[in-house]
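Dropping entry-v6.csv in here (CSV, C-alpha atoms):
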```
chain,number,residue,atom,x,y,z
A,1,MET,CA,23.8,114.0,11.8
A,2,TRP,CA,23.4,110.3,11.2
A,3,PHE,CA,26.6,110.3,9.3
A,4,GLY,CA,28.4,112.0,12.1
A,5,GLU,CA,27.2,109.5,14.7
A,6,ARG,CA,28.4,106.7,12.6
A,7,ASN,CA,31.7,108.3,12.2
A,8,HIS,CA,31.9,108.7,16.0
A,9,PHE,CA,31.0,105.0,16.4
A,10,ASN,CA,33.7,103.9,14.0
A,11,GLU,CA,36.2,106.0,15.8
A,12,MET,CA,35.3,104.4,19.1
A,13,LYS,CA,35.5,101.0,17.7
A,14,LYS,CA,38.9,101.8,16.4
A,15,TRP,CA,40.1,102.9,19.8
A,16,LEU,CA,38.6,99.9,21.5
A,17,LYS,CA,40.2,97.6,19.1
A,18,LEU,CA,43.6,99.3,19.6
A,19,SER,CA,43.4,99.3,23.4
A,20,LEU,CA,42.4,95.6,23.4
A,21,TRP,CA,45.5,94.9,21.2
A,22,ILE,CA,47.6,96.9,23.6
A,23,VAL,CA,46.4,95.0,26.6
A,24,LEU,CA,46.9,91.7,24.8
A,25,ILE,CA,50.4,92.6,23.8
A,26,VAL,CA,51.4,93.8,27.2
A,27,LEU,CA,50.0,90.6,28.7
A,28,VAL,CA,52.0,88.6,26.2
A,29,GLY,CA,55.0,90.8,26.6
A,30,ILE,CA,55.3,90.5,30.4
A,31,GLN,CA,55.4,86.7,30.0
A,32,PHE,CA,59.0,87.2,28.9
A,33,VAL,CA,60.1,89.4,31.8
A,34,PRO,CA,62.3,87.2,33.9
A,35,VAL,CA,61.1,86.6,37.5
A,36,GLN,CA,63.7,85.8,40.1
A,37,ARG,CA,62.6,82.6,41.8
A,38,ASN,CA,63.3,81.3,45.2
A,39,GLU,CA,66.2,79.0,44.7
A,40,ILE,CA,65.5,75.5,45.7
A,41,LYS,CA,68.5,74.4,47.7
A,42,PRO,CA,69.2,71.0,49.1
A,43,VAL,CA,68.0,70.5,52.7
A,44,THR,CA,70.8,71.0,55.2
A,45,ASN,CA,71.2,70.5,58.9
A,46,ALA,CA,70.0,74.0,59.6
A,47,ASP,CA,66.6,73.1,58.3
A,48,PHE,CA,64.1,73.4,61.1
A,49,ILE,CA,62.6,69.9,60.8
A,50,GLU,CA,66.1,68.4,60.5
A,51,HIS,CA,67.6,70.5,63.2
A,52,TYR,CA,64.9,69.5,65.8
A,53,GLU,CA,64.3,66.1,64.4
A,54,SER,CA,60.6,66.9,64.3
A,55,PRO,CA,58.2,63.9,64.4
A,56,ILE,CA,57.0,63.0,60.9
A,57,VAL,CA,53.5,64.1,61.6
A,58,ILE,CA,54.6,67.5,62.7
A,59,GLY,CA,57.2,67.8,59.9
A,60,ASN,CA,54.5,67.1,57.4
A,61,ILE,CA,52.2,69.8,58.7
A,62,ILE,CA,55.0,72.3,58.8
A,63,ARG,CA,56.1,71.4,55.3
A,64,ALA,CA,52.5,71.6,53.9
A,65,SER,CA,51.5,74.8,55.8
A,66,CYS,CA,54.7,76.9,56.0
A,67,TYR,CA,57.4,75.8,53.6
A,68,ASP,CA,56.1,77.3,50.4
A,69,CYS,CA,56.9,80.8,51.7
A,70,HIS,CA,59.2,80.2,54.6
A,71,SER,CA,61.9,78.0,53.3
A,72,ASN,CA,64.1,77.3,50.3
A,73,GLN,CA,61.8,74.5,49.3
A,74,THR,CA,59.0,76.4,47.6
A,75,LYS,CA,56.7,74.2,45.5
A,76,TYR,CA,55.7,76.6,42.7
A,77,PRO,CA,52.2,76.0,41.3
A,78,TRP,CA,51.8,75.9,37.5
A,79,TYR,CA,50.2,79.4,37.4
A,80,SER,CA,53.4,80.9,38.9
A,81,ASN,CA,54.5,80.8,35.2
A,82,VAL,CA,51.7,83.1,34.2
A,83,GLN,CA,52.4,86.8,34.7
A,84,PRO,CA,51.5,88.9,36.4
A,85,ILE,CA,50.4,86.2,38.9
A,86,GLY,CA,54.0,85.0,39.1
A,87,PHE,CA,55.3,88.5,40.1
A,88,LEU,CA,52.7,88.7,42.9
A,89,LEU,CA,53.5,85.2,44.1
A,90,GLN,CA,57.2,85.9,44.1
A,91,ASN,CA,56.7,89.0,46.1
A,92,HIS,CA,54.8,87.1,48.8
A,93,ILE,CA,57.4,84.4,48.9
A,94,SER,CA,60.4,86.8,49.1
A,95,GLU,CA,58.7,88.7,51.8
A,96,GLY,CA,57.8,85.6,53.8
A,97,ASN,CA,61.3,84.3,53.4
A,98,SER,CA,62.9,87.4,54.7
A,99,GLU,CA,60.8,87.3,57.8
A,100,LEU,CA,61.4,83.7,58.5
A,101,ASN,CA,63.4,81.1,56.6
A,102,LEU,CA,62.9,77.7,58.2
A,103,SER,CA,65.6,76.2,55.9
A,104,GLU,CA,68.1,78.3,57.8
A,105,PHE,CA,66.6,78.3,61.2
A,106,GLY,CA,69.4,76.3,62.8
A,107,LEU,CA,71.9,79.1,62.0
A,108,LEU,CA,70.1,81.7,64.2
A,109,SER,CA,71.3,82.6,67.6
A,110,ASN,CA,69.2,81.1,70.5
A,111,ARG,CA,68.0,84.6,71.2
A,112,MET,CA,66.8,85.0,67.7
A,113,LYS,CA,65.3,81.5,67.6
A,114,ARG,CA,63.3,82.4,70.7
A,115,THR,CA,62.1,85.7,69.1
A,116,LYS,CA,61.1,83.9,65.9
A,117,LEU,CA,59.3,81.1,67.7
A,118,LYS,CA,57.3,83.6,69.7
A,119,SER,CA,56.2,85.3,66.5
A,120,ILE,CA,55.4,81.9,64.9
A,121,LEU,CA,53.3,80.9,67.9
A,122,SER,CA,51.4,84.2,68.0
A,123,GLN,CA,50.8,84.1,64.2
A,124,ILE,CA,49.4,80.5,64.3
A,125,ASP,CA,47.5,81.1,67.5
A,126,ASN,CA,45.8,84.1,66.1
A,127,ASP,CA,45.0,82.5,62.8
A,128,LYS,CA,47.2,85.0,61.0
A,129,MET,CA,49.2,82.3,59.3
A,130,PRO,CA,48.9,80.6,56.9
A,131,MET,CA,47.5,83.6,55.1
A,132,PRO,CA,43.9,83.4,54.0
A,133,SER,CA,44.9,84.4,50.5
A,134,TYR,CA,47.3,81.4,50.4
A,135,LEU,CA,44.7,79.0,51.8
A,136,PHE,CA,42.3,80.0,49.1
A,137,LEU,CA,44.3,77.9,46.6
A,138,HIS,CA,46.1,75.6,49.1
A,139,SER,CA,43.4,73.9,51.1
A,140,GLU,CA,46.0,71.3,52.2
A,141,ALA,CA,47.8,74.0,54.1
A,142,LYS,CA,44.9,74.8,56.3
A,143,LEU,CA,45.5,74.3,60.0
A,144,ASP,CA,42.4,72.7,61.5
A,145,SER,CA,42.0,72.9,65.2
A,146,LEU,CA,43.8,69.6,65.8
A,147,LYS,CA,46.8,70.6,63.6
A,148,LYS,CA,46.8,74.0,65.2
A,149,THR,CA,47.0,72.5,68.7
A,150,LEU,CA,49.7,70.1,67.7
A,151,LEU,CA,51.8,72.8,66.1
A,152,VAL,CA,51.4,75.2,69.0
A,153,SER,CA,52.3,72.7,71.6
A,154,TYR,CA,55.2,71.5,69.5
A,155,PHE,CA,56.6,75.0,69.0
A,156,ASP,CA,56.0,75.7,72.6
A,157,SER,CA,58.1,72.7,73.7
A,158,ILE,CA,61.0,73.9,71.4
A,159,LEU,CA,60.8,77.3,72.9
A,160,VAL,CA,61.0,75.8,76.4
A,161,ASP,CA,64.0,73.7,75.3
A,162,ILE,CA,65.8,76.8,74.1
A,163,ASP,CA,65.1,78.7,77.3
A,164,ARG,CA,66.5,75.9,79.4
B,1,MET,CA,52.9,98.7,9.0
B,2,LYS,CA,53.3,101.9,10.9
B,3,LYS,CA,50.5,100.9,13.3
B,4,SER,CA,52.0,97.6,14.1
B,5,ASN,CA,55.3,99.3,14.7
B,6,SER,CA,53.9,101.6,17.3
B,7,ILE,CA,52.2,98.7,19.0
B,8,LEU,CA,55.5,96.9,19.1
B,9,ASN,CA,57.0,99.9,20.6
B,10,LEU,CA,54.3,100.1,23.2
B,11,ALA,CA,54.9,96.5,24.1
B,12,LEU,CA,58.6,97.1,24.4
B,13,VAL,CA,58.1,100.1,26.6
B,14,ALA,CA,55.7,98.1,28.8
B,15,GLY,CA,58.1,95.3,29.0
B,16,LEU,CA,61.0,97.6,29.8
B,17,SER,CA,59.1,99.4,32.5
B,18,PHE,CA,58.3,96.1,34.1
B,19,SER,CA,61.9,95.0,34.1
B,20,LEU,CA,62.8,98.5,35.4
B,21,LEU,CA,60.3,98.0,38.2
B,22,ALA,CA,61.9,94.8,39.1
B,23,CYS,CA,65.4,96.3,39.0
B,24,GLY,CA,64.1,99.2,41.1
B,25,ASN,CA,63.0,96.8,43.8
B,26,SER,CA,66.4,95.1,44.1
B,27,LYS,CA,68.1,98.5,44.1
B,28,SER,CA,66.0,99.7,46.9
B,29,THR,CA,67.2,96.8,49.1
B,30,ASP,CA,70.7,97.6,48.1
B,31,HIS,CA,70.1,101.1,49.2
B,32,ASN,CA,69.0,99.9,52.6
B,33,ASP,CA,72.3,98.1,52.9
B,34,ASP,CA,74.1,101.2,52.0
B,35,ASN,CA,72.2,103.1,54.7
B,36,THR,CA,73.3,100.7,57.4
B,37,GLU,CA,76.8,100.9,56.2
B,38,HIS,CA,76.5,104.6,56.2
B,39,ASP,CA,75.4,104.5,59.8
B,40,HIS,CA,78.6,102.8,60.6
B,41,SER,CA,80.2,106.2,60.3
B,42,GLY,CA,79.5,106.3,64.0
B,43,ILE,CA,82.1,103.5,64.4
B,44,ASP,CA,85.0,105.8,63.6
B,45,HIS,CA,83.6,108.3,66.0
B,46,ALA,CA,83.4,105.7,68.8
B,47,ALA,CA,86.8,104.4,68.0
B,48,GLU,CA,88.2,107.8,68.8
B,49,HIS,CA,87.2,107.2,72.3
B,50,LYS,CA,89.4,104.2,72.6
B,51,MET,CA,92.1,104.6,75.2
B,52,PRO,CA,95.8,104.2,74.2
B,53,ASP,CA,95.9,100.8,75.9
B,54,GLY,CA,93.1,99.5,73.8
B,55,SER,CA,90.5,99.7,76.5
B,56,VAL,CA,87.4,101.7,75.8
B,57,MET,CA,86.0,104.6,77.7
B,58,GLU,CA,82.7,103.9,79.4
B,59,MET,CA,81.2,107.1,78.0
B,60,SER,CA,81.3,106.1,74.4
B,61,GLU,CA,79.4,102.8,75.0
B,62,ASN,CA,76.9,104.4,77.2
B,63,LYS,CA,76.1,107.1,74.7
B,64,SER,CA,74.9,104.6,72.1
B,65,ILE,CA,73.1,102.5,74.7
B,66,SER,CA,71.5,105.7,76.0
B,67,GLN,CA,70.0,106.3,72.6
B,68,LEU,CA,68.8,102.7,72.5
B,69,ILE,CA,67.1,103.2,75.9
B,70,ASP,CA,65.6,106.5,74.7
B,71,GLN,CA,63.9,104.9,71.8
B,72,TYR,CA,62.7,101.9,73.9
B,73,LEU,CA,61.1,104.4,76.3
B,74,ALA,CA,59.6,106.3,73.4
B,75,ILE,CA,57.9,103.1,72.2
B,76,LYS,CA,56.8,102.5,75.7
B,77,ASN,CA,55.3,105.9,76.1
B,78,ALA,CA,53.5,105.7,72.8
B,79,LEU,CA,52.0,102.3,73.7
B,80,VAL,CA,50.8,103.7,77.1
B,81,GLN,CA,48.9,106.3,75.1
B,82,ASP,CA,47.6,103.7,72.5
B,83,ASP,CA,49.5,105.7,69.9
B,84,SER,CA,50.4,103.1,67.3
B,85,LYS,CA,51.9,105.7,64.9
B,86,ALA,CA,54.3,107.1,67.4
B,87,ALA,CA,55.3,103.6,68.4
B,88,ALA,CA,56.0,102.8,64.8
B,89,SER,CA,58.3,105.7,64.2
B,90,ALA,CA,60.1,105.1,67.5
B,91,GLY,CA,60.4,101.4,66.5
B,92,GLN,CA,62.0,102.5,63.2
B,93,LYS,CA,64.5,104.7,65.1
B,94,LEU,CA,65.2,101.8,67.5
B,95,ALA,CA,66.0,99.5,64.7
B,96,GLU,CA,68.3,102.1,63.1
B,97,GLU,CA,69.9,102.8,66.5
B,98,ALA,CA,70.5,99.1,67.1
B,99,SER,CA,72.2,98.5,63.8
B,100,SER,CA,74.4,101.6,64.1
B,101,ILE,CA,75.9,100.6,67.4
B,102,ASP,CA,79.5,99.3,66.9
B,103,VAL,CA,79.9,96.1,68.8
B,104,ASN,CA,83.7,96.5,68.7
B,105,THR,CA,83.5,99.2,71.3
B,106,PHE,CA,82.6,96.6,73.9
B,107,GLU,CA,84.7,94.2,75.8
B,108,VAL,CA,85.7,91.3,73.4
B,109,SER,CA,84.2,88.6,75.6
B,110,LYS,CA,80.9,90.3,75.6
B,111,GLN,CA,80.7,91.1,71.9
B,112,PRO,CA,79.0,88.0,70.7
B,113,GLU,CA,76.1,88.4,73.1
B,114,ILE,CA,75.8,92.1,72.5
B,115,LYS,CA,75.7,91.5,68.8
B,116,GLU,CA,72.9,88.9,69.2
B,117,ILE,CA,70.9,91.2,71.4
B,118,LEU,CA,71.2,94.1,69.0
B,119,GLU,CA,70.1,91.9,66.1
B,120,VAL,CA,67.0,90.9,68.0
B,121,VAL,CA,66.3,94.4,69.1
B,122,LYS,CA,66.6,95.5,65.5
B,123,GLU,CA,64.2,92.8,64.5
B,124,HIS,CA,61.7,93.9,67.2
B,125,GLY,CA,62.1,97.5,66.1
B,126,GLU,CA,61.4,96.7,62.5
B,127,HIS,CA,58.3,94.8,63.4
B,128,ILE,CA,57.0,97.6,65.7
B,129,ALA,CA,57.6,100.0,62.8
B,130,LYS,CA,55.3,98.1,60.4
B,131,SER,CA,52.7,96.4,62.5
B,132,GLU,CA,49.3,97.1,64.1
B,133,MET,CA,49.2,97.8,67.8
B,134,VAL,CA,48.5,94.2,69.1
B,135,HIS,CA,51.6,93.1,67.2
B,136,GLN,CA,53.6,96.1,68.3
B,137,ARG,CA,52.9,95.2,71.9
B,138,GLU,CA,53.9,91.6,71.4
B,139,HIS,CA,57.3,92.7,70.1
B,140,PHE,CA,57.6,95.4,72.7
B,141,GLU,CA,57.0,92.8,75.4
B,142,GLY,CA,59.4,90.4,73.8
B,143,MET,CA,62.2,93.0,74.0
B,144,ALA,CA,62.0,93.5,77.7
B,145,LYS,CA,64.2,90.5,78.4
B,146,ASP,CA,66.7,91.5,75.7
B,147,PHE,CA,67.0,95.0,77.2
B,148,MET,CA,67.5,93.6,80.7
B,149,ASP,CA,70.3,91.4,79.3
B,150,ILE,CA,72.1,94.1,77.5
B,151,LEU,CA,71.8,96.5,80.4
B,152,ALA,CA,73.3,93.8,82.7
B,153,ILE,CA,76.4,94.0,80.5
B,154,THR,CA,76.6,97.6,79.5
B,155,GLY,CA,75.1,99.2,82.5
B,156,THR,CA,72.5,102.0,82.3
B,157,ASP,CA,72.7,105.7,82.2
B,158,ARG,CA,69.5,106.2,84.3
B,159,THR,CA,67.5,104.3,86.9
B,160,LEU,CA,65.1,101.9,85.2
B,161,TYR,CA,62.3,99.8,86.7
B,162,GLN,CA,61.4,96.4,85.5
B,163,GLN,CA,57.6,96.2,85.7
B,164,TYR,CA,55.2,93.3,85.4
B,165,CYS,CA,51.6,92.9,84.5
B,166,PRO,CA,50.3,89.3,85.3
B,167,MET,CA,47.3,89.7,83.0
B,168,TYR,CA,49.1,90.2,79.7
B,169,ASN,CA,49.0,87.4,77.0
B,170,LYS,CA,46.1,85.5,78.4
B,171,ASN,CA,47.4,85.7,82.0
B,172,LYS,CA,50.9,84.5,81.1
B,173,GLY,CA,52.2,87.8,82.1
B,174,GLY,CA,54.4,90.4,80.5
B,175,TYR,CA,57.3,92.6,81.4
B,176,TRP,CA,58.5,96.1,80.4
B,177,LEU,CA,61.0,98.7,81.5
B,178,SER,CA,60.1,102.2,82.6
B,179,ASP,CA,62.1,105.2,83.8
B,180,SER,CA,59.4,105.9,86.4
B,181,GLN,CA,58.3,103.9,89.3
B,182,GLU,CA,54.7,104.8,88.7
B,183,ILE,CA,52.9,102.1,86.7
B,184,LYS,CA,51.6,103.1,83.3
B,185,ASN,CA,50.9,99.9,81.5
B,186,PRO,CA,52.1,99.9,77.8
B,187,LEU,CA,50.9,96.3,77.2
B,188,PHE,CA,47.3,97.3,77.7
B,189,GLY,CA,47.3,101.1,77.4
B,190,SER,CA,44.2,102.8,78.4
B,191,LYS,CA,42.3,99.5,78.8
B,192,MET,CA,44.2,98.8,82.0
B,193,LEU,CA,46.6,101.6,82.6
B,194,THR,CA,47.6,100.9,86.1
B,195,CYS,CA,47.8,97.1,86.1
B,196,GLY,CA,51.2,96.0,87.2
B,197,SER,CA,54.0,96.3,89.7
B,198,VAL,CA,57.7,97.0,90.0
B,199,LYS,CA,59.7,93.8,90.0
B,200,GLU,CA,63.2,95.0,89.9
B,201,THR,CA,65.2,98.3,89.9
B,202,ILE,CA,68.1,98.6,87.5
B,203,SER,CA,70.3,101.3,88.8
B,204,MET,CA,73.4,103.0,87.6
B,205,LYS,CA,76.6,101.3,88.8
```

Hey, can you dump this file as structure tokens for me?
Amino acid sequence: MWFGERNHFNEMKKWLKLSLWIVLIVLVGIQFVPVQRNEIKPVTNADFIEHYESPIVIGNIIRASCYDCHSNQTKYPWYSNVQPIGFLLQNHISEGNSELNLSEFGLLSNRMKRTKLKSILSQIDNDKMPMPSYLFLHSEAKLDSLKKTLLVSYFDSILVDIDR
Amino acid sequence: MKKSNSILNLALVAGLSFSLLACGNSKSTDHNDDNTEHDHSGIDHAAEHKMPDGSVMEMSENKSISQLIDQYLAIKNALVQDDSKAAASAGQKLAEEASSIDVNTFEVSKQPEIKEILEVVKEHGEHIAKSEMVHQREHFEGMAKDFMDILAITGTDRTLYQQYCPMYNKNKGGYWLSDSQEIKNPLFGSKMLTCGSVKETISMK
């Protein structure tokens, strides 16, 4: 009986060891899977801040709070090189960029600019953006009530300008 | 030796499946593109309606716009009933409809504007397809102007009523289109079903 239990214990230990090895190897292995990154392109005239010649204060807020996911100017944190975190990050960034790419905002039709601005306004106004999961590691991106008011009234003024 | 081999194999398989996953993702987007291209089969169809002198029969334009209006009204009816799911599926259809319309069937001078409107309508449809109801209503309200604009160019196949509720969006007000004069508010649904009034009638020319 005693012998049998010991055998069982050894068996379990063997399996545990093996599965730990597998996990480790998979974790190491996925470090070598290439991740497609958001290409950092030079800033053009179509860039939102350039296009509207935004005041420096406003431009800085937009850059700090929006540009990591909504432009071609992503600042990748060091841990984006660690998988699978990098995959997840890239997913977020690609999704954000396909919804809104401020680096190419100037290329949109007025109608589309209006549509996007309305969405931007409602997202900021309802505290949906920047995303809480992003703010968790990017406290500098947080919009306090002053920054929020500034941004909302700024985007509002651009919306009015387009409508005119 | 054998054991380390099998472990190596496992790692390889894991790595491969990850890269396959990544490929799968990019493929699925390609697929979407294919789909939209596929939808363009409607183009050839519409082209058949072209008159020998190059002008286009009203009927063919109105048919596609008709389907656009159908889906718009389907979203409206769903939102009136607070039915987010039905609104989402109509939103999906609206987006598909908007991207399948061939702009070339319209008068050349109107094509750029129609193209822009359809792009925006597609955008709204896609968002309605994947959002919660508050957000669906925002996009639905946003579309009212675009629909008014496109109908002003293409005309409508039925009488529509532009309706307005002054309380929407923190009393900034909001518009929508309906095929019935009776007010059934899609911006608030059951919360305020009868808030609103008819602002304008869009009739067939």

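The interface of chain A with chain B at 7 Å, considering all atoms listed in the file, consists of A:Ile22, A:Ile25, A:Val26, A:Gly29, A:Ile30, A:Val33, A:Ser109, A:Arg111, A:Met112.
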
As a compact mmCIF listing (two decimals) with C-alpha atoms, in the coordinates of the input, please: the residues near Ser178 in chain B (cut-off 9 Å, all atoms listed in the file, same-chain neighbours under 5 positions excluded).
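Writing done, so here's out_21.txt:
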```txt
# COMPACT_ATOMS: atom_id res chain seq x y z
CA LEU B 73 61.10 104.40 76.30
CA LYS B 76 56.80 102.50 75.70
CA ASN B 77 55.30 105.90 76.10
CA THR B 159 67.50 104.30 86.90
CA LEU B 160 65.10 101.90 85.20
CA TYR B 161 62.30 99.80 86.70
CA GLN B 162 61.40 96.40 85.50
CA GLN B 163 57.60 96.20 85.70
CA ILE B 183 52.90 102.10 86.70
CA LYS B 184 51.60 103.10 83.30
```

What's the separation between CA of Lys145 in chain B and CA of Tyr164 in chain B, in Å to one decimal place?
11.7 Å

Can you measure CA of Lys116 in chain A to CA of Leu187 in chain B for me? One decimal in Å is fine.
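Value for the CA of Lys116 in chain A-CA of Leu187 in chain B distance: 19.6 Å.
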
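When CA of Leu108 in chain A is paired with CA of Val57 in chain A, their separation reads 24.3 Å.
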
Find the residues around Phe155 in chain A up to 9 Å (all atoms listed in the file counted), leave out those fewer than 6 positions away in its own chain, and share them as a PDB file with C-alpha atoms, in the frame of the given file.
```
ATOM      1  CA  LEU A 117      59.300  81.100  67.700  1.00  0.00           C
ATOM      2  CA  LYS A 118      57.300  83.600  69.700  1.00  0.00           C
ATOM      3  CA  ILE A 120      55.400  81.900  64.900  1.00  0.00           C
ATOM      4  CA  LEU A 121      53.300  80.900  67.900  1.00  0.00           C
TER       5      LEU A 121
END
```

Between A:Ile58, A:Leu100, A:Leu151, A:Ile40, which has the minimum distance to Asn72 in chain A (counting all atoms listed in the file)?
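Going through A:Ile58, A:Leu100, A:Leu151, A:Ile40 one by one, the smallest distance to Asn72 in chain A is for A:Ile40.
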
Measuring between only C-alpha atoms, which one of B:Ile65, B:Thr156, B:Lys170, B:Ala98 shows the shortest distance to Ser122 in chain A?
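Of all the options, B:Lys170 lies closest to Ser122 in chain A.
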